[in-house]
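For reference, protein-v1.txt is printed below; it contains compact mmCIF, N, CA and C atoms.
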# COMPACT_ATOMS: atom_id res chain seq x y z
N MET A 1 97.42 171.65 115.19
CA MET A 1 97.52 171.56 113.75
C MET A 1 96.69 172.70 113.15
N ASP A 2 97.33 173.49 112.32
CA ASP A 2 96.61 174.64 111.76
C ASP A 2 95.81 174.26 110.51
N ASN A 3 94.97 175.18 110.07
CA ASN A 3 94.09 174.93 108.94
C ASN A 3 94.85 174.67 107.65
N HIS A 4 95.99 175.34 107.47
CA HIS A 4 96.79 175.12 106.26
C HIS A 4 97.20 173.66 106.14
N ILE A 5 97.70 173.09 107.22
CA ILE A 5 98.15 171.69 107.21
C ILE A 5 96.97 170.77 106.92
N ARG A 6 95.85 171.00 107.59
CA ARG A 6 94.66 170.17 107.35
C ARG A 6 94.21 170.26 105.89
N LYS A 7 94.18 171.47 105.36
CA LYS A 7 93.71 171.68 103.99
C LYS A 7 94.62 170.99 102.97
N VAL A 8 95.93 171.07 103.19
CA VAL A 8 96.89 170.53 102.24
C VAL A 8 97.04 169.01 102.36
N TYR A 9 96.97 168.48 103.58
CA TYR A 9 97.33 167.07 103.78
C TYR A 9 96.18 166.12 104.12
N VAL A 10 94.98 166.64 104.37
CA VAL A 10 93.88 165.74 104.73
C VAL A 10 92.72 166.00 103.77
N PRO A 11 92.32 165.06 102.92
CA PRO A 11 92.89 163.73 102.77
C PRO A 11 94.25 163.77 102.08
N MET A 12 95.02 162.75 102.31
CA MET A 12 96.38 162.69 101.77
C MET A 12 96.42 161.98 100.42
N THR A 13 97.45 162.30 99.67
CA THR A 13 97.76 161.52 98.48
C THR A 13 98.36 160.19 98.94
N GLU A 14 98.32 159.20 98.08
CA GLU A 14 98.96 157.93 98.44
C GLU A 14 100.45 158.13 98.68
N THR A 15 101.08 158.97 97.87
CA THR A 15 102.50 159.23 98.04
C THR A 15 102.77 159.81 99.42
N GLY A 16 102.03 160.83 99.80
CA GLY A 16 102.21 161.45 101.12
C GLY A 16 101.99 160.46 102.24
N PHE A 17 100.95 159.65 102.10
CA PHE A 17 100.63 158.65 103.12
C PHE A 17 101.79 157.68 103.30
N TYR A 18 102.28 157.14 102.21
CA TYR A 18 103.36 156.15 102.32
C TYR A 18 104.67 156.77 102.80
N ILE A 19 104.93 158.00 102.44
CA ILE A 19 106.14 158.67 102.95
C ILE A 19 106.06 158.77 104.47
N LEU A 20 104.95 159.28 104.99
CA LEU A 20 104.83 159.41 106.44
C LEU A 20 104.82 158.05 107.12
N LEU A 21 104.13 157.09 106.53
CA LEU A 21 104.08 155.75 107.10
C LEU A 21 105.49 155.15 107.20
N CYS A 22 106.26 155.31 106.14
CA CYS A 22 107.64 154.78 106.13
C CYS A 22 108.54 155.51 107.10
N LEU A 23 108.31 156.80 107.29
CA LEU A 23 109.21 157.59 108.14
C LEU A 23 108.91 157.49 109.63
N ARG A 24 108.04 156.56 110.00
CA ARG A 24 107.90 156.28 111.43
C ARG A 24 109.21 155.68 111.95
N LYS A 25 109.99 155.15 111.00
CA LYS A 25 111.38 154.74 111.28
C LYS A 25 112.26 155.58 110.37
N GLU A 26 113.40 155.99 110.85
CA GLU A 26 114.32 156.81 110.04
C GLU A 26 114.60 156.12 108.71
N ALA A 27 114.62 156.92 107.63
CA ALA A 27 114.87 156.35 106.31
C ALA A 27 115.36 157.43 105.35
N HIS A 28 115.96 156.98 104.27
CA HIS A 28 116.36 157.88 103.19
C HIS A 28 115.39 157.65 102.03
N GLY A 29 115.48 158.50 101.02
CA GLY A 29 114.55 158.46 99.91
C GLY A 29 114.42 157.11 99.24
N TYR A 30 115.55 156.50 98.90
CA TYR A 30 115.50 155.21 98.23
C TYR A 30 114.85 154.15 99.13
N GLY A 31 115.11 154.24 100.43
CA GLY A 31 114.49 153.31 101.38
C GLY A 31 112.97 153.47 101.40
N ILE A 32 112.50 154.71 101.30
CA ILE A 32 111.06 154.97 101.25
C ILE A 32 110.45 154.35 100.00
N VAL A 33 111.12 154.54 98.87
CA VAL A 33 110.63 153.98 97.60
C VAL A 33 110.53 152.47 97.69
N LYS A 34 111.57 151.82 98.19
CA LYS A 34 111.58 150.37 98.28
C LYS A 34 110.55 149.84 99.27
N LYS A 35 110.42 150.49 100.42
CA LYS A 35 109.45 150.06 101.44
C LYS A 35 108.02 150.21 100.90
N THR A 36 107.76 151.29 100.18
CA THR A 36 106.43 151.51 99.60
C THR A 36 106.12 150.41 98.58
N GLU A 37 107.07 150.08 97.73
CA GLU A 37 106.87 149.01 96.76
C GLU A 37 106.59 147.69 97.48
N GLN A 38 107.31 147.44 98.56
CA GLN A 38 107.12 146.21 99.33
C GLN A 38 105.73 146.17 99.96
N LEU A 39 105.33 147.27 100.61
CA LEU A 39 104.03 147.32 101.29
C LEU A 39 102.86 147.20 100.32
N THR A 40 103.05 147.65 99.08
CA THR A 40 101.96 147.64 98.10
C THR A 40 102.12 146.54 97.06
N GLN A 41 103.01 145.60 97.30
CA GLN A 41 103.29 144.52 96.36
C GLN A 41 103.55 145.06 94.96
N GLY A 42 104.28 146.17 94.90
CA GLY A 42 104.68 146.76 93.63
C GLY A 42 103.62 147.60 92.94
N GLN A 43 102.46 147.78 93.57
CA GLN A 43 101.38 148.55 92.97
C GLN A 43 101.67 150.05 92.93
N ILE A 44 102.44 150.53 93.91
CA ILE A 44 102.78 151.95 93.94
C ILE A 44 104.28 152.09 93.86
N LYS A 45 104.72 152.82 92.84
CA LYS A 45 106.14 153.10 92.65
C LYS A 45 106.30 154.61 92.62
N ILE A 46 106.96 155.15 93.63
CA ILE A 46 107.14 156.59 93.73
C ILE A 46 108.35 156.99 92.90
N SER A 47 108.14 157.90 91.97
CA SER A 47 109.25 158.36 91.13
C SER A 47 110.14 159.31 91.94
N PRO A 48 111.42 159.42 91.56
CA PRO A 48 112.33 160.31 92.29
C PRO A 48 111.83 161.76 92.34
N GLY A 49 111.31 162.27 91.24
CA GLY A 49 110.83 163.65 91.22
C GLY A 49 109.69 163.87 92.19
N THR A 50 108.75 162.95 92.21
CA THR A 50 107.61 163.03 93.13
C THR A 50 108.09 162.90 94.57
N LEU A 51 108.96 161.94 94.82
CA LEU A 51 109.46 161.70 96.17
C LEU A 51 110.18 162.93 96.72
N TYR A 52 111.16 163.43 95.99
CA TYR A 52 111.96 164.52 96.54
C TYR A 52 111.19 165.82 96.61
N GLY A 53 110.23 166.03 95.70
CA GLY A 53 109.35 167.19 95.82
C GLY A 53 108.49 167.09 97.07
N SER A 54 107.96 165.91 97.33
CA SER A 54 107.13 165.69 98.52
C SER A 54 107.94 165.82 99.80
N LEU A 55 109.14 165.24 99.82
CA LEU A 55 109.99 165.34 101.01
C LEU A 55 110.30 166.81 101.32
N SER A 56 110.63 167.57 100.29
CA SER A 56 110.95 168.98 100.47
C SER A 56 109.76 169.74 101.04
N LYS A 57 108.59 169.52 100.47
CA LYS A 57 107.38 170.21 100.94
C LYS A 57 107.03 169.79 102.37
N MET A 58 107.11 168.50 102.65
CA MET A 58 106.78 168.01 103.99
C MET A 58 107.77 168.54 105.03
N GLU A 59 109.02 168.64 104.65
CA GLU A 59 110.02 169.19 105.58
C GLU A 59 109.73 170.66 105.84
N LYS A 60 109.42 171.41 104.80
CA LYS A 60 109.10 172.84 104.93
C LYS A 60 107.87 173.04 105.82
N ASP A 61 106.88 172.14 105.68
CA ASP A 61 105.65 172.24 106.47
C ASP A 61 105.76 171.64 107.86
N GLY A 62 106.92 171.04 108.18
CA GLY A 62 107.15 170.53 109.53
C GLY A 62 106.63 169.13 109.81
N LEU A 63 106.27 168.37 108.77
CA LEU A 63 105.77 167.01 108.98
C LEU A 63 106.89 165.99 109.13
N ILE A 64 108.02 166.29 108.52
CA ILE A 64 109.20 165.44 108.65
C ILE A 64 110.41 166.34 108.93
N ARG A 65 111.48 165.72 109.36
CA ARG A 65 112.70 166.51 109.56
C ARG A 65 113.92 165.70 109.11
N PHE A 66 114.88 166.46 108.61
CA PHE A 66 116.17 165.89 108.23
C PHE A 66 116.93 165.58 109.51
N ILE A 67 117.53 164.40 109.56
CA ILE A 67 118.29 164.01 110.75
C ILE A 67 119.79 164.09 110.51
N LYS A 68 120.22 163.42 109.44
CA LYS A 68 121.65 163.35 109.15
C LYS A 68 121.85 162.90 107.72
N GLU A 69 123.10 162.94 107.30
CA GLU A 69 123.45 162.45 105.97
C GLU A 69 124.42 161.29 106.14
N GLU A 70 124.13 160.20 105.43
CA GLU A 70 124.99 159.02 105.44
C GLU A 70 125.29 158.65 103.99
N GLU A 71 126.54 158.64 103.63
CA GLU A 71 126.96 158.26 102.28
C GLU A 71 126.16 159.02 101.22
N LYS A 72 126.06 160.32 101.39
CA LYS A 72 125.36 161.23 100.47
C LYS A 72 123.85 161.00 100.41
N ARG A 73 123.30 160.28 101.38
CA ARG A 73 121.86 160.06 101.46
C ARG A 73 121.33 160.80 102.68
N LYS A 74 120.28 161.59 102.47
CA LYS A 74 119.66 162.30 103.57
C LYS A 74 118.70 161.37 104.30
N ILE A 75 118.84 161.34 105.61
CA ILE A 75 117.98 160.51 106.45
C ILE A 75 116.94 161.41 107.11
N TYR A 76 115.67 161.00 107.02
CA TYR A 76 114.55 161.77 107.56
C TYR A 76 113.79 160.94 108.59
N CYS A 77 112.99 161.64 109.39
CA CYS A 77 112.04 160.97 110.28
C CYS A 77 110.78 161.83 110.38
N ILE A 78 109.71 161.22 110.82
CA ILE A 78 108.45 161.93 110.99
C ILE A 78 108.52 162.78 112.26
N THR A 79 107.85 163.92 112.26
CA THR A 79 107.77 164.78 113.44
C THR A 79 106.46 164.50 114.18
N GLU A 80 106.28 165.14 115.30
CA GLU A 80 105.02 165.00 116.05
C GLU A 80 103.85 165.47 115.18
N LEU A 81 104.01 166.58 114.49
CA LEU A 81 102.96 167.08 113.60
C LEU A 81 102.68 166.07 112.49
N GLY A 82 103.71 165.51 111.91
CA GLY A 82 103.54 164.50 110.87
C GLY A 82 102.80 163.28 111.39
N ALA A 83 103.11 162.87 112.62
CA ALA A 83 102.42 161.73 113.24
C ALA A 83 100.94 162.05 113.45
N GLN A 84 100.62 163.28 113.82
CA GLN A 84 99.22 163.68 113.99
C GLN A 84 98.48 163.61 112.66
N VAL A 85 99.11 164.13 111.61
CA VAL A 85 98.50 164.10 110.27
C VAL A 85 98.30 162.66 109.81
N LEU A 86 99.31 161.82 109.99
CA LEU A 86 99.22 160.41 109.61
C LEU A 86 98.10 159.72 110.38
N ASN A 87 97.99 160.00 111.66
CA ASN A 87 96.95 159.40 112.49
C ASN A 87 95.56 159.81 112.00
N LEU A 88 95.39 161.09 111.67
CA LEU A 88 94.11 161.56 111.12
C LEU A 88 93.76 160.80 109.84
N GLU A 89 94.73 160.63 108.97
CA GLU A 89 94.49 159.95 107.71
C GLU A 89 94.19 158.47 107.93
N MET A 90 94.88 157.85 108.86
CA MET A 90 94.62 156.44 109.14
C MET A 90 93.20 156.26 109.68
N LYS A 91 92.76 157.17 110.54
CA LYS A 91 91.38 157.11 111.06
C LYS A 91 90.37 157.33 109.94
N ARG A 92 90.68 158.23 109.00
CA ARG A 92 89.79 158.48 107.87
C ARG A 92 89.67 157.22 107.01
N ILE A 93 90.80 156.56 106.74
CA ILE A 93 90.79 155.35 105.93
C ILE A 93 90.03 154.23 106.64
N GLU A 94 90.23 154.11 107.96
CA GLU A 94 89.50 153.10 108.73
C GLU A 94 87.99 153.35 108.66
N ARG A 95 87.59 154.61 108.74
CA ARG A 95 86.17 154.97 108.65
C ARG A 95 85.62 154.60 107.28
N LEU A 96 86.38 154.89 106.23
CA LEU A 96 85.96 154.52 104.88
C LEU A 96 85.79 153.00 104.75
N TYR A 97 86.75 152.27 105.27
CA TYR A 97 86.70 150.82 105.19
C TYR A 97 85.49 150.27 105.95
N LYS A 98 85.26 150.81 107.14
CA LYS A 98 84.11 150.38 107.95
C LYS A 98 82.81 150.66 107.21
N SER A 99 82.68 151.84 106.64
CA SER A 99 81.47 152.18 105.89
C SER A 99 81.28 151.26 104.70
N MET A 100 82.35 150.93 104.02
CA MET A 100 82.29 150.04 102.87
C MET A 100 81.76 148.68 103.30
N LYS A 101 82.30 148.15 104.39
CA LYS A 101 81.89 146.84 104.88
C LYS A 101 80.43 146.84 105.33
N GLU A 102 80.00 147.92 105.98
CA GLU A 102 78.62 147.99 106.45
C GLU A 102 77.63 148.13 105.30
N ALA A 103 78.08 148.65 104.17
CA ALA A 103 77.20 148.86 103.02
C ALA A 103 77.02 147.59 102.18
N GLU A 104 77.81 146.56 102.49
CA GLU A 104 77.72 145.32 101.71
C GLU A 104 76.43 144.56 101.99
As structure tokens, please, write out the structure in this file.
Amino acid sequence: MDNHIRKVYVPMTETGFYILLCLRKEAHGYGIVKKTEQLTQGQIKISPGTLYGSLSKMEKDGLIRFIKEEEKRKIYCITELGAQVLNLEMKRIERLYKSMKEAE
């Protein structure tokens, strides 16, 4: 993982985090939006502009890849690089949570 990827994606935005988390299984944009709403009990709603801008950037940076098109919907999945970035962020969040609990 190069410095550009680390600088841009670590720490991640909530949108970026949920996109990568959702794309551990193949999905299209609307599926990502719905899964994110489900996982966050409606607390996070990704707008179409934010979603498609993020998908485009992540695809360009190699974190996700386009697989196929079904009924005019583009299906994406996470790449190995995307999985590495997601794993780094998950470890960072776990560290934050652990520190929070220890400080109580």
* Can you tell me, as an MDAnalysis selection string, what residues are no more than 7 Å from region 63-65 of chain A when counting only N, CA and C atoms, ignoring any on the same chain fewer than 5 positions away? -> chainID A and resid 57:58 75:83
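Note that the spacing between CA of Met100 (chain A) and CA of Ile46 (chain A) amounts to 27.3 Å.
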* Members of chain A assigned alpha helix (DSSP H) by DSSP, as a PyMOL selection string -> chain A and resi 3-9+14-22+29-39+48-60+80-102
* Record the distance separating CA of Ile19 (chain A) and CA of Ser99 (chain A), expressed in Å with one decimal. => 25.7 Å
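The residue that comes closest to Tyr52 (chain A), out of A:Gly29, A:Glu71, A:Glu102, A:Lys7 and on the basis of all atoms listed in the file, is A:Gly29.
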Per residue of region 7-78 of chain A within 8 Å of region 88-96 of chain A, note the shortest atom pair and the distance in Å to one decimal, counting all atoms listed in the file, and order the rows by chain and increasing residue number, as a tab-separated table.
residue	atom	partner	partner_atom	distance
A:Tyr9	C	A:Glu89	CA	7.3
A:Val10	CA	A:Glu89	CA	6.5
A:Pro11	CA	A:Glu89	CA	6.4
A:Met12	N	A:Glu89	CA	6.1
A:Phe17	CA	A:Glu89	CA	7.8
* Which of region 8-99 of chain A DSSP labels strand (DSSP E), written as a VMD selection string -> chain A and resid 27 to 28 64 to 70 73 to 78
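Remark: for Lys72 (chain A), the closest of the candidate residues A:Tyr30, A:Lys101, A:Tyr18, A:Leu86 is A:Tyr30 (distances computed over only C-alpha atoms).
Compared by their closest atoms to Ile5 (chain A), and using all atoms listed in the file, the residues A:Glu104, A:Glu37, A:Asp61, A:Glu69 rank with A:Asp61 nearest.
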* To do: Go ahead and compute the interatomic distance for atom C of Ser54 (chain A) and CA of Asn3 (chain A), in Å to one decimal.
  => 18.9 Å
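Counting only C-alpha atoms and comparing A:Met1, A:Val33, A:Ala27, A:Val8, the residue that lies closest to Phe66 (chain A) is A:Ala27.
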* Hey, which of A:Gln84, A:Lys45, A:Gln38, A:Ser56 ends up closest to Arg24 (chain A)? Count only C-alpha atoms. -> A:Gln84
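Taking all atoms listed in the file into account, Lys74 (chain A) lies nearest to A:His28 out of the set A:His28, A:Gly53, A:Leu21, A:Arg6.
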